[in-house]
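Structure file start.cif with mmCIF, C-alpha atoms and all ligand atoms:
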```cif
data_model
loop_
_atom_site.label_atom_id
_atom_site.label_comp_id
_atom_site.auth_asym_id
_atom_site.auth_seq_id
_atom_site.Cartn_x
_atom_site.Cartn_y
_atom_site.Cartn_z
CA MET U 1 22.91 1.25 6.29
CA GLU U 2 20.51 3.97 7.43
CA THR U 3 17.55 1.66 7.96
CA VAL U 4 19.45 -0.68 10.25
CA LYS U 5 20.66 2.30 12.28
CA ALA U 6 17.07 3.46 12.73
CA VAL U 7 15.98 -0.06 13.72
CA ARG U 8 18.69 -0.19 16.40
CA GLU U 9 17.59 3.17 17.82
CA ARG U 10 14.05 1.85 18.19
CA LEU U 11 15.29 -1.36 19.79
CA ARG U 12 17.36 0.62 22.28
CA GLU U 13 14.38 2.87 23.19
CA LYS U 14 12.31 -0.20 23.96
CA SER U 15 15.10 -2.11 25.77
CA LEU U 16 15.07 -4.85 23.14
CA ASP U 17 18.25 -6.53 21.96
CA GLY U 18 17.11 -7.88 18.62
CA LEU U 19 14.58 -7.67 15.80
CA LEU U 20 13.20 -10.74 14.08
CA LEU U 21 11.45 -10.40 10.73
CA TYR U 22 9.78 -13.45 9.35
CA ASN U 23 8.90 -13.69 5.66
CA HIS U 24 7.30 -16.90 4.46
CA GLU U 25 5.94 -17.21 0.90
CA GLY U 26 6.19 -13.46 0.57
CA SER U 27 4.15 -12.79 3.73
CA ASN U 28 6.48 -9.99 4.83
CA ARG U 29 8.57 -9.27 1.77
CA SER U 30 8.28 -5.49 2.02
CA SER U 31 9.70 -5.09 5.52
CA VAL U 32 12.43 -7.67 4.87
CA THR U 33 13.43 -5.77 1.73
CA TYR U 34 13.20 -2.44 3.52
CA VAL U 35 15.57 -3.53 6.27
CA SER U 36 17.95 -5.86 4.37
CA GLY U 37 17.55 -5.24 0.63
CA PHE U 38 16.72 -8.92 0.00
CA THR U 39 13.63 -9.40 -2.20
CA GLY U 40 13.10 -13.20 -2.16
CA SER U 41 9.99 -14.94 -0.88
CA LEU U 42 11.61 -16.72 2.08
CA ALA U 43 13.76 -15.08 4.71
CA VAL U 44 14.28 -14.64 8.40
CA VAL U 45 16.06 -11.40 9.21
CA ILE U 46 17.75 -10.90 12.57
CA VAL U 47 19.13 -7.49 13.52
CA THR U 48 21.07 -7.32 16.77
CA MET U 49 22.90 -4.33 18.21
CA ASP U 50 26.03 -5.19 16.24
CA GLU U 51 25.12 -7.83 13.68
CA ASN U 52 22.77 -8.35 10.73
CA LEU U 53 21.83 -11.86 9.67
CA LEU U 54 19.62 -13.29 6.98
CA ILE U 55 18.46 -16.90 6.86
CA THR U 56 17.24 -18.23 3.51
CA ASP U 57 17.34 -21.44 1.48
CA SER U 58 19.32 -22.61 -1.56
CA ARG U 59 16.91 -21.06 -4.07
CA TYR U 60 18.13 -17.69 -2.91
CA TYR U 61 21.80 -17.97 -1.88
CA THR U 62 23.15 -16.24 -5.00
CA GLN U 63 20.44 -13.61 -5.01
CA ALA U 64 20.94 -12.87 -1.31
CA LEU U 65 24.68 -12.34 -1.78
CA GLU U 66 23.91 -9.81 -4.50
CA GLU U 67 21.11 -7.98 -2.74
CA THR U 68 22.21 -7.69 0.87
CA ASP U 69 25.35 -7.27 2.94
CA PHE U 70 23.69 -9.13 5.84
CA GLU U 71 25.56 -12.23 6.96
CA LEU U 72 23.97 -15.19 5.17
CA VAL U 73 22.84 -18.22 7.21
CA LYS U 74 22.07 -21.13 4.89
CA LEU U 75 19.01 -23.23 5.45
CA ASP U 76 19.27 -26.73 4.00
CA SER U 77 16.22 -28.70 2.97
CA SER U 78 16.43 -31.09 5.94
CA SER U 79 16.32 -28.40 8.62
CA LYS U 80 13.40 -26.49 10.03
CA ILE U 81 13.51 -22.74 9.76
CA GLU U 82 12.13 -22.24 13.29
CA GLU U 83 14.92 -24.38 14.71
CA ILE U 84 17.69 -22.61 12.79
CA THR U 85 16.22 -19.28 13.85
CA ALA U 86 16.15 -20.36 17.50
CA THR U 87 19.76 -21.59 17.26
CA VAL U 88 20.95 -18.25 15.85
CA LEU U 89 19.02 -16.25 18.47
CA LYS U 90 20.59 -18.33 21.24
CA GLN U 91 24.10 -18.15 19.73
CA LYS U 92 23.83 -14.37 19.70
CA ASN U 93 22.74 -14.49 23.32
CA LEU U 94 19.56 -12.47 22.73
CA LYS U 95 17.07 -12.09 25.58
CA ARG U 96 14.30 -9.76 24.42
CA VAL U 97 13.48 -9.97 20.73
CA ALA U 98 10.98 -7.86 18.77
CA PHE U 99 8.76 -9.82 16.39
CA GLU U 100 5.67 -9.08 14.29
CA SER U 101 2.63 -11.13 15.30
CA ASP U 102 0.83 -9.94 12.16
CA LYS U 103 3.42 -11.64 9.95
CA ILE U 104 4.06 -15.05 11.47
CA THR U 105 1.51 -17.85 11.62
CA HIS U 106 0.43 -19.14 15.01
CA SER U 107 1.90 -22.60 14.42
CA ARG U 108 5.28 -21.21 13.36
CA PHE U 109 5.36 -18.93 16.36
CA LEU U 110 4.64 -21.87 18.65
CA GLY U 111 7.47 -23.82 16.98
CA LEU U 112 9.83 -20.91 17.44
CA SER U 113 8.95 -20.23 21.08
CA GLU U 114 9.33 -23.91 21.88
CA ALA U 115 12.77 -24.08 20.28
CA ALA U 116 13.83 -20.81 21.97
CA ASP U 117 11.99 -21.10 25.26
CA ASP U 118 14.33 -18.84 27.24
CA ILE U 119 13.87 -15.89 24.87
CA GLU U 120 11.16 -13.29 25.43
CA PHE U 121 9.41 -12.40 22.16
CA VAL U 122 7.94 -8.91 22.28
CA ASP U 123 5.09 -8.08 19.93
CA SER U 124 6.34 -5.10 17.89
CA ASN U 125 4.10 -4.88 14.86
CA SER U 126 4.59 -1.16 14.31
CA LEU U 127 8.38 -1.00 14.76
CA VAL U 128 9.34 -1.34 11.09
CA GLY U 129 5.94 -0.05 9.91
CA ASP U 130 6.52 3.28 11.66
CA LEU U 131 9.94 3.64 10.03
CA ARG U 132 8.50 2.77 6.63
CA ALA U 133 5.73 5.35 7.06
CA VAL U 134 8.21 8.21 6.75
CA LYS U 135 9.64 8.15 3.25
CA SER U 136 13.06 9.34 2.13
CA ASP U 137 13.37 11.48 -1.00
CA LYS U 138 14.68 8.42 -2.81
CA GLU U 139 11.57 6.42 -1.92
CA ILE U 140 9.29 9.28 -2.95
CA GLU U 141 11.02 9.38 -6.35
CA LYS U 142 10.20 5.69 -6.87
CA ILE U 143 6.55 6.26 -5.98
CA ARG U 144 6.54 9.24 -8.33
CA GLU U 145 7.84 6.98 -11.11
CA ALA U 146 5.13 4.39 -10.34
CA VAL U 147 2.59 7.21 -10.62
CA ARG U 148 4.06 8.37 -13.92
CA ILE U 149 3.83 4.88 -15.45
CA ALA U 150 0.26 4.57 -14.16
CA GLU U 151 -0.86 7.87 -15.60
CA GLU U 152 0.74 7.33 -19.01
CA SER U 153 -0.84 3.89 -19.17
CA LEU U 154 -4.26 5.17 -18.18
CA LYS U 155 -4.08 7.91 -20.79
CA GLU U 156 -3.33 5.30 -23.44
CA ALA U 157 -6.03 2.91 -22.23
CA LEU U 158 -8.72 5.59 -22.44
CA ASN U 159 -8.57 5.14 -26.22
CA VAL U 160 -10.27 1.75 -25.94
CA ILE U 161 -13.13 2.89 -23.68
CA ARG U 162 -16.42 3.30 -25.51
CA ALA U 163 -19.98 2.02 -25.31
CA GLY U 164 -20.04 -1.73 -25.98
CA ARG U 165 -16.50 -2.38 -24.73
CA ARG U 166 -16.37 -4.91 -21.89
CA GLU U 167 -14.86 -4.11 -18.50
CA ILE U 168 -12.31 -6.94 -18.81
CA GLU U 169 -11.11 -5.59 -22.14
CA VAL U 170 -10.45 -2.18 -20.59
CA ALA U 171 -8.59 -3.80 -17.68
CA ALA U 172 -6.50 -5.89 -20.10
CA ALA U 173 -5.61 -2.83 -22.20
CA LEU U 174 -4.57 -0.88 -19.11
CA GLU U 175 -2.44 -3.72 -17.72
CA TYR U 176 -0.76 -4.20 -21.10
CA GLU U 177 0.26 -0.53 -21.13
CA ILE U 178 1.64 -0.84 -17.58
CA ARG U 179 3.64 -3.97 -18.35
CA ARG U 180 5.19 -2.61 -21.51
CA ARG U 181 6.41 0.43 -19.55
CA GLY U 182 8.22 -1.80 -17.06
CA GLY U 183 5.63 -1.55 -14.30
CA LYS U 184 4.09 -4.42 -12.38
CA ILE U 185 0.42 -4.73 -11.44
CA ALA U 186 0.34 -3.80 -7.75
CA PHE U 187 -3.16 -5.21 -7.08
CA ASP U 188 -6.09 -6.58 -9.05
CA THR U 189 -7.18 -3.83 -11.43
CA ILE U 190 -10.71 -2.57 -10.83
CA VAL U 191 -12.76 -1.59 -13.89
CA VAL U 192 -16.47 -1.39 -13.09
CA SER U 193 -19.23 0.36 -15.04
CA GLY U 194 -22.87 1.37 -14.71
CA GLU U 195 -24.53 -0.18 -11.65
CA ARG U 196 -21.36 -2.20 -11.03
CA SER U 197 -19.40 1.00 -10.32
CA ALA U 198 -21.15 1.01 -6.93
CA LEU U 199 -19.10 -2.11 -6.04
CA VAL U 200 -16.29 -0.44 -4.10
CA HIS U 201 -13.76 -3.18 -4.88
CA GLY U 202 -15.47 -4.86 -7.80
CA THR U 203 -13.77 -7.20 -10.25
CA PRO U 204 -13.92 -6.43 -13.98
CA SER U 205 -16.63 -8.51 -15.66
CA ASP U 206 -17.64 -9.22 -19.25
CA ARG U 207 -20.35 -6.60 -18.96
CA PRO U 208 -20.34 -4.22 -21.93
CA ILE U 209 -20.12 -0.56 -20.91
CA GLY U 210 -23.33 1.29 -21.75
CA ASP U 211 -23.82 4.77 -23.16
CA GLY U 212 -24.30 7.41 -20.45
CA GLU U 213 -22.62 5.28 -17.75
CA PHE U 214 -19.79 5.83 -15.32
CA VAL U 215 -16.64 3.72 -15.60
CA LEU U 216 -14.65 3.58 -12.37
CA ILE U 217 -11.00 2.55 -12.74
CA ASP U 218 -8.85 1.91 -9.65
CA PHE U 219 -5.42 0.45 -10.27
CA GLY U 220 -1.89 0.28 -8.95
CA VAL U 221 1.57 0.08 -10.43
CA ARG U 222 4.62 -1.26 -8.63
CA PHE U 223 7.96 0.09 -9.81
CA GLN U 224 11.28 -0.86 -8.17
CA GLY U 225 9.32 -2.12 -5.17
CA TYR U 226 7.16 1.00 -4.69
CA CYS U 227 3.48 1.42 -5.50
CA SER U 228 1.09 3.97 -6.90
CA ASP U 229 -2.67 3.74 -6.39
CA ILE U 230 -4.97 5.87 -8.53
CA THR U 231 -8.72 6.02 -9.12
CA ARG U 232 -10.59 8.02 -11.72
CA THR U 233 -14.25 7.84 -12.68
CA PHE U 234 -15.12 8.63 -16.30
CA CYS U 235 -18.41 8.93 -18.15
CA VAL U 236 -19.03 7.25 -21.47
CA GLY U 237 -21.36 9.54 -23.39
CA ARG U 238 -23.31 12.14 -21.40
CA PRO U 239 -24.11 11.94 -17.68
CA ASP U 240 -27.51 12.97 -16.37
CA HIS U 241 -28.02 15.75 -13.86
CA ARG U 242 -27.84 13.49 -10.82
CA MET U 243 -24.60 11.87 -11.97
CA ARG U 244 -23.05 15.30 -12.44
CA SER U 245 -24.14 16.57 -9.06
CA VAL U 246 -22.93 13.50 -7.15
CA TYR U 247 -19.62 13.70 -9.02
CA GLU U 248 -19.35 17.33 -7.96
CA THR U 249 -19.78 16.31 -4.30
CA VAL U 250 -17.00 13.72 -4.47
CA TYR U 251 -14.80 16.19 -6.32
CA ASN U 252 -15.31 18.85 -3.63
CA ALA U 253 -14.75 16.40 -0.79
CA GLN U 254 -11.53 15.21 -2.42
CA LYS U 255 -10.27 18.71 -3.20
CA THR U 256 -11.04 20.03 0.29
CA ALA U 257 -9.32 17.03 1.91
CA ARG U 258 -6.24 17.69 -0.22
CA GLU U 259 -6.29 21.34 0.85
CA ARG U 260 -6.50 20.44 4.52
CA ALA U 261 -3.90 17.66 4.49
CA ARG U 262 -0.62 18.55 6.22
CA ALA U 263 1.67 17.37 8.99
CA GLY U 264 -0.06 17.62 12.37
CA ILE U 265 -3.64 16.81 11.34
CA THR U 266 -4.70 13.36 12.55
CA GLY U 267 -5.71 10.70 10.06
CA LYS U 268 -9.14 10.75 11.66
CA ALA U 269 -9.60 14.53 11.36
CA LEU U 270 -8.59 14.43 7.70
CA HIS U 271 -11.07 11.64 7.03
CA PHE U 272 -13.89 13.70 8.50
CA VAL U 273 -13.05 16.70 6.32
CA ALA U 274 -14.30 14.63 3.38
CA GLN U 275 -16.90 12.64 5.32
CA ASP U 276 -18.62 15.84 6.55
CA ILE U 277 -18.90 17.30 3.05
CA ILE U 278 -20.38 14.07 1.72
CA ALA U 279 -22.77 13.79 4.66
CA GLU U 280 -23.94 17.40 4.29
CA ALA U 281 -24.77 16.71 0.66
CA GLY U 282 -26.97 13.85 1.88
CA PHE U 283 -24.77 10.92 0.86
CA GLY U 284 -23.16 10.07 4.20
CA GLU U 285 -24.46 6.51 4.20
CA TYR U 286 -22.89 5.89 0.78
CA PHE U 287 -19.31 6.60 1.85
CA GLY U 288 -18.31 3.63 4.00
CA HIS U 289 -14.54 3.34 3.71
CA GLY U 290 -11.66 5.40 5.06
CA LEU U 291 -10.53 8.50 3.18
CA GLY U 292 -7.11 7.06 2.50
CA HIS U 293 -4.18 4.87 3.50
CA GLY U 294 -0.42 4.96 3.58
CA LEU U 295 1.28 3.95 0.34
CA GLY U 296 4.80 2.71 -0.28
CA MET U 297 6.27 -0.77 -0.66
CA ASP U 298 2.78 -2.05 0.14
CA VAL U 299 -0.44 -0.69 -1.33
CA HIS U 300 -1.90 -0.41 2.16
CA GLU U 301 0.46 0.55 4.96
CA SER U 302 0.86 3.11 7.73
CA PRO U 303 -0.49 5.71 8.29
CA GLY U 304 -4.23 5.53 7.67
CA ALA U 305 -6.32 8.60 6.89
CA SER U 306 -9.31 6.97 8.51
CA PRO U 307 -11.49 7.17 11.64
CA ASN U 308 -9.29 4.68 13.48
CA ASN U 309 -6.06 6.69 13.24
CA ASP U 310 -5.84 9.23 16.08
CA ARG U 311 -2.19 9.98 15.40
CA PRO U 312 -1.06 13.11 13.57
CA LEU U 313 0.27 12.70 10.04
CA GLU U 314 3.99 13.40 9.71
CA GLU U 315 6.15 15.05 7.11
CA GLY U 316 7.27 12.38 4.64
CA ASN U 317 4.16 10.22 4.93
CA VAL U 318 2.72 9.22 1.56
CA ILE U 319 -1.03 8.67 1.63
CA THR U 320 -3.95 8.32 -0.75
CA VAL U 321 -6.90 10.73 -0.69
CA GLU U 322 -9.87 8.83 -2.07
CA PRO U 323 -13.39 9.70 -1.00
CA GLY U 324 -16.25 8.05 -2.86
CA ILE U 325 -20.01 7.79 -3.05
CA TYR U 326 -21.53 4.41 -3.95
CA ILE U 327 -25.27 4.23 -4.49
CA PRO U 328 -26.40 0.62 -4.88
CA LYS U 329 -28.33 -0.11 -8.12
CA GLU U 330 -27.30 3.30 -9.47
CA PHE U 331 -23.59 4.09 -9.69
CA GLY U 332 -20.38 4.74 -7.79
CA ILE U 333 -17.78 7.48 -7.98
CA ARG U 334 -14.30 7.68 -6.46
CA ILE U 335 -11.41 10.04 -7.10
CA GLU U 336 -8.03 9.01 -5.70
CA ASP U 337 -4.73 10.84 -5.59
CA ASP U 338 -1.36 10.00 -4.02
CA VAL U 339 0.15 12.77 -1.91
CA VAL U 340 3.23 13.44 0.21
CA ILE U 341 2.58 15.09 3.58
CA LYS U 342 4.61 18.25 4.19
CA THR U 343 4.68 20.69 7.11
CA GLU U 344 2.69 23.34 5.20
CA GLY U 345 0.48 21.10 3.09
CA ILE U 346 1.12 18.37 0.54
CA ALA U 347 2.97 17.58 -2.65
CA VAL U 348 0.52 15.89 -5.00
CA LEU U 349 2.18 13.08 -6.96
CA THR U 350 -0.77 12.37 -9.24
CA THR U 351 -1.43 14.82 -12.06
CA PHE U 352 -4.24 13.13 -13.98
CA GLU U 353 -7.31 15.27 -14.78
CA ARG U 354 -9.87 15.28 -11.93
CA ASP U 355 -12.74 17.09 -13.66
CA LEU U 356 -15.33 14.68 -15.03
CA MET U 357 -14.06 13.47 -18.40
CA LEU U 358 -16.62 12.44 -20.97
CA LEU U 359 -15.32 9.71 -23.26
MN MN E 1 -6.38 3.18 -2.57
#
```
Show me this structure written as structure tokens.
Amino acid sequence: METVKAVRERLREKSLDGLLLYNHEGSNRSSVTYVSGFTGSLAVVIVTMDENLLITDSRYYTQALEETDFELVKLDSSSKIEEITATVLKQKNLKRVAFESDKITHSRFLGLSEAADDIEFVDSNSLVGDLRAVKSDKEIEKIREAVRIAEESLKEALNVIRAGRREIEVAAALEYEIRRRGGKIAFDTIVVSGERSALVHGTPSDRPIGDGEFVLIDFGVRFQGYCSDITRTFCVGRPDHRMRSVYETVYNAQKTARERARAGITGKALHFVAQDIIAEAGFGEYFGHGLGHGLGMDVHESPGASPNNDRPLEEGNVITVEPGIYIPKEFGIRIEDDVVIKTEGIAVLTTFERDLMLL
């Protein structure tokens, strides 16, 4: 398996002799699936230099045998997972083991270190994350399919948007279209209108959409474990001059950021391409979030296109490009695309109309 090979290379570079992935109640499902293929909600994965093991409980024995070729270690209901994990680590004679502090609770880590007190656990949060950040063609095809389902569903859902329709009704219509196409809802669908569109991550309410208002829709589809994440802002009826001009600013910031995105530019530099355009137009204080984030098995993953990522983007990264302007008590606008980073630019996965659509 390619992924396991890549994991071992990283372990060798860092003089580690094992990787421990801990997934409890789905806390780390994506990385466990990425490395082992297993999709259940409980698993401990151990990759050594010559063995792959997966610990899970009886709910998942059959599923695990189907999904992964890792050696299955059965956890019975009377035993503690930290203790079984420690026993396996000791049996395999591991000394320095990579683990992810972001994915294990403090109390479970204490339990584990107590049961395996002669093992050194080395905090390696980015080990699997860095591998996941560079997508294979196969992975990109799955994201592309998640985008396709999202766009078809959005197109269909536009038919229900009109003055008087409530935000929750629009969200329900959109989610229905996604589900009937075989997609899953990757995160809570955002449909916010009028003043509420200035809520960057607002929840759909029973507010009826008014004539001459923006409707901001931000939603994600998960297909075969991979996500899309798209935002479009529409106008019901006719926008006024100010709405048009602010939309134009977001549109330009988004377009310019897409044009500048390529391997080699840092996440931070790409963010400021959009930030500078918005600030020059006088709306700097109304764009408070990062330009974008990595997208894959999780909706938010590495690498960020934000001020806190000083590392250059790499070929094969999939990121969102999503500048916005949110003016409290007035309205908010965001346009979000999903793109693949290439050496000479990007491949844009999203195809949905970006010009302001009047519904
Ligand atoms: Mn996003």
Counting all atoms listed in the file, note down every residue that has an atom within 12 Å of the point (-6.2, 4.0, -21.6) (file coordinates), as a PyMOL selection string. chain U and resi 149-162+169-178+191+217+219+232+234+359
If you count all atoms listed in the file, which residues fall within 7 Å of Pro303 of chain U, apart from same-chain ones fewer than 3 positions away, as a list in words?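 Listed by chain and then number, they are Ala133, His293 and Gly294 of chain U.
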Can you check which parts of chain U lie within 8 Å of ligand MN 1 (chain E)? Per residue, the shortest pair of atoms and distance in Å to one decimal, counting all atoms listed in the file, sorted by chain and number, as JSON lines.
```
{"residue": "U:Asp218", "atom": "CA", "partner": "E:MN1", "partner_atom": "MN", "distance": 7.6}
{"residue": "U:Asp229", "atom": "CA", "partner": "E:MN1", "partner_atom": "MN", "distance": 5.4}
{"residue": "U:Ile230", "atom": "CA", "partner": "E:MN1", "partner_atom": "MN", "distance": 6.7}
{"residue": "U:Thr231", "atom": "CA", "partner": "E:MN1", "partner_atom": "MN", "distance": 7.5}
{"residue": "U:Gly292", "atom": "CA", "partner": "E:MN1", "partner_atom": "MN", "distance": 6.4}
{"residue": "U:His293", "atom": "CA", "partner": "E:MN1", "partner_atom": "MN", "distance": 6.7}
{"residue": "U:Val299", "atom": "CA", "partner": "E:MN1", "partner_atom": "MN", "distance": 7.2}
{"residue": "U:His300", "atom": "CA", "partner": "E:MN1", "partner_atom": "MN", "distance": 7.4}
{"residue": "U:Thr320", "atom": "CA", "partner": "E:MN1", "partner_atom": "MN", "distance": 6.0}
{"residue": "U:Val321", "atom": "CA", "partner": "E:MN1", "partner_atom": "MN", "distance": 7.8}
{"residue": "U:Glu322", "atom": "CA", "partner": "E:MN1", "partner_atom": "MN", "distance": 6.7}
{"residue": "U:Glu336", "atom": "CA", "partner": "E:MN1", "partner_atom": "MN", "distance": 6.8}
```
Set the distance at 7 Å and use only C-alpha atoms: which residues neighbour Lys74 of chain U once local chain neighbours fewer than 3 positions away are removed? I'd like the list as a ChimeraX atom specification. /U:55-57
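The shortest atom-to-atom distance to His289 of chain U, with only C-alpha atoms taken into account, belongs to U:Pro323 out of U:Lys329, U:Asn308, U:Ile341, U:Pro323.
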Atom CA of Leu112 of chain U to atom CA of Thr85 of chain U: how many Å, to one decimal? 7.5 Å
Of the listed residues U:Arg165, U:Arg132, U:His241, U:Arg29, that which approaches Pro204 of chain U most closely, counting only C-alpha atoms: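 Counting only C-alpha atoms, the residue closest to Pro204 of chain U is U:Arg165.
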Computed interatomic separation between atom CA of Lys95 of chain U and atom CA of Lys14 of chain U (Å): 12.9 Å
Axis-aligned box for all listed atoms of segment 146-150 of chain U, 3 Å per side, centre and edges in Å to one decimal, as lines of an AutoDock Vina configuration file:
```
center_x = 2.7
center_y = 6.4
center_z = -12.9
size_x = 10.9
size_y = 10.0
size_z = 11.1
```
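For the set U:Ser136, U:Ser197, U:Thr233, U:Thr48, the residue with the smallest atom-to-atom gap to Arg8 of chain U is U:Thr48, counting all atoms listed in the file.
Of note, atom CA of Glu248 of chain U and atom CA of Ile143 of chain U are spaced 28.2 Å apart.
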May I have the residues within 10 Å of Gln254 of chain U as a CSV table (one decimal) with C-alpha atoms, in the frame of the given file, using only C-alpha atoms and disregarding those fewer than 4 positions away in the same chain?
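Output (out-v1.csv):
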```
chain,number,residue,atom,x,y,z
U,248,GLU,CA,-19.4,17.3,-8.0
U,249,THR,CA,-19.8,16.3,-4.3
U,250,VAL,CA,-17.0,13.7,-4.5
U,258,ARG,CA,-6.2,17.7,-0.2
U,259,GLU,CA,-6.3,21.3,0.8
U,273,VAL,CA,-13.0,16.7,6.3
U,274,ALA,CA,-14.3,14.6,3.4
U,275,GLN,CA,-16.9,12.6,5.3
U,277,ILE,CA,-18.9,17.3,3.0
U,278,ILE,CA,-20.4,14.1,1.7
U,291,LEU,CA,-10.5,8.5,3.2
U,321,VAL,CA,-6.9,10.7,-0.7
U,322,GLU,CA,-9.9,8.8,-2.1
U,323,PRO,CA,-13.4,9.7,-1.0
U,324,GLY,CA,-16.2,8.0,-2.9
U,334,ARG,CA,-14.3,7.7,-6.5
U,335,ILE,CA,-11.4,10.0,-7.1
U,336,GLU,CA,-8.0,9.0,-5.7
U,337,ASP,CA,-4.7,10.8,-5.6
U,354,ARG,CA,-9.9,15.3,-11.9
```
Excluding same-chain residues fewer than 4 positions from Arg196 of chain U, what lies within 12 Å of it counting all atoms listed in the file, as a count of residues only? 28
Residues near Ser30 of chain U, anyone? I mean within 12 Å using all atoms listed in the file, not counting same-chain ones fewer than 6 positions away, as a list in words. Leu21, Tyr22, Asn23, His24, Ser36, Gly37, Phe38, Thr39, Gly40, Ser41, Leu42, Ala43, Lys103, Val128, Gly129, Arg132, Gln224, Gly225, Tyr226, Cys227, Leu295, Gly296, Met297, Asp298, Val299, His300 and Glu301 of chain U
With C-alpha atoms retained, write the just-selected residues as an mmCIF file, keeping the file's coordinate frame.
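Saved result, selection-v1.cif, follows:
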```
data_model
loop_
_atom_site.group_PDB
_atom_site.id
_atom_site.type_symbol
_atom_site.label_atom_id
_atom_site.label_comp_id
_atom_site.auth_asym_id
_atom_site.auth_seq_id
_atom_site.Cartn_x
_atom_site.Cartn_y
_atom_site.Cartn_z
ATOM 1 C CA LEU U 21 11.450 -10.400 10.730
ATOM 2 C CA TYR U 22 9.780 -13.450 9.350
ATOM 3 C CA ASN U 23 8.900 -13.690 5.660
ATOM 4 C CA HIS U 24 7.300 -16.900 4.460
ATOM 5 C CA SER U 36 17.950 -5.860 4.370
ATOM 6 C CA GLY U 37 17.550 -5.240 0.630
ATOM 7 C CA PHE U 38 16.720 -8.920 0.000
ATOM 8 C CA THR U 39 13.630 -9.400 -2.200
ATOM 9 C CA GLY U 40 13.100 -13.200 -2.160
ATOM 10 C CA SER U 41 9.990 -14.940 -0.880
ATOM 11 C CA LEU U 42 11.610 -16.720 2.080
ATOM 12 C CA ALA U 43 13.760 -15.080 4.710
ATOM 13 C CA LYS U 103 3.420 -11.640 9.950
ATOM 14 C CA VAL U 128 9.340 -1.340 11.090
ATOM 15 C CA GLY U 129 5.940 -0.050 9.910
ATOM 16 C CA ARG U 132 8.500 2.770 6.630
ATOM 17 C CA GLN U 224 11.280 -0.860 -8.170
ATOM 18 C CA GLY U 225 9.320 -2.120 -5.170
ATOM 19 C CA TYR U 226 7.160 1.000 -4.690
ATOM 20 C CA CYS U 227 3.480 1.420 -5.500
ATOM 21 C CA LEU U 295 1.280 3.950 0.340
ATOM 22 C CA GLY U 296 4.800 2.710 -0.280
ATOM 23 C CA MET U 297 6.270 -0.770 -0.660
ATOM 24 C CA ASP U 298 2.780 -2.050 0.140
ATOM 25 C CA VAL U 299 -0.440 -0.690 -1.330
ATOM 26 C CA HIS U 300 -1.900 -0.410 2.160
ATOM 27 C CA GLU U 301 0.460 0.550 4.960
#
```
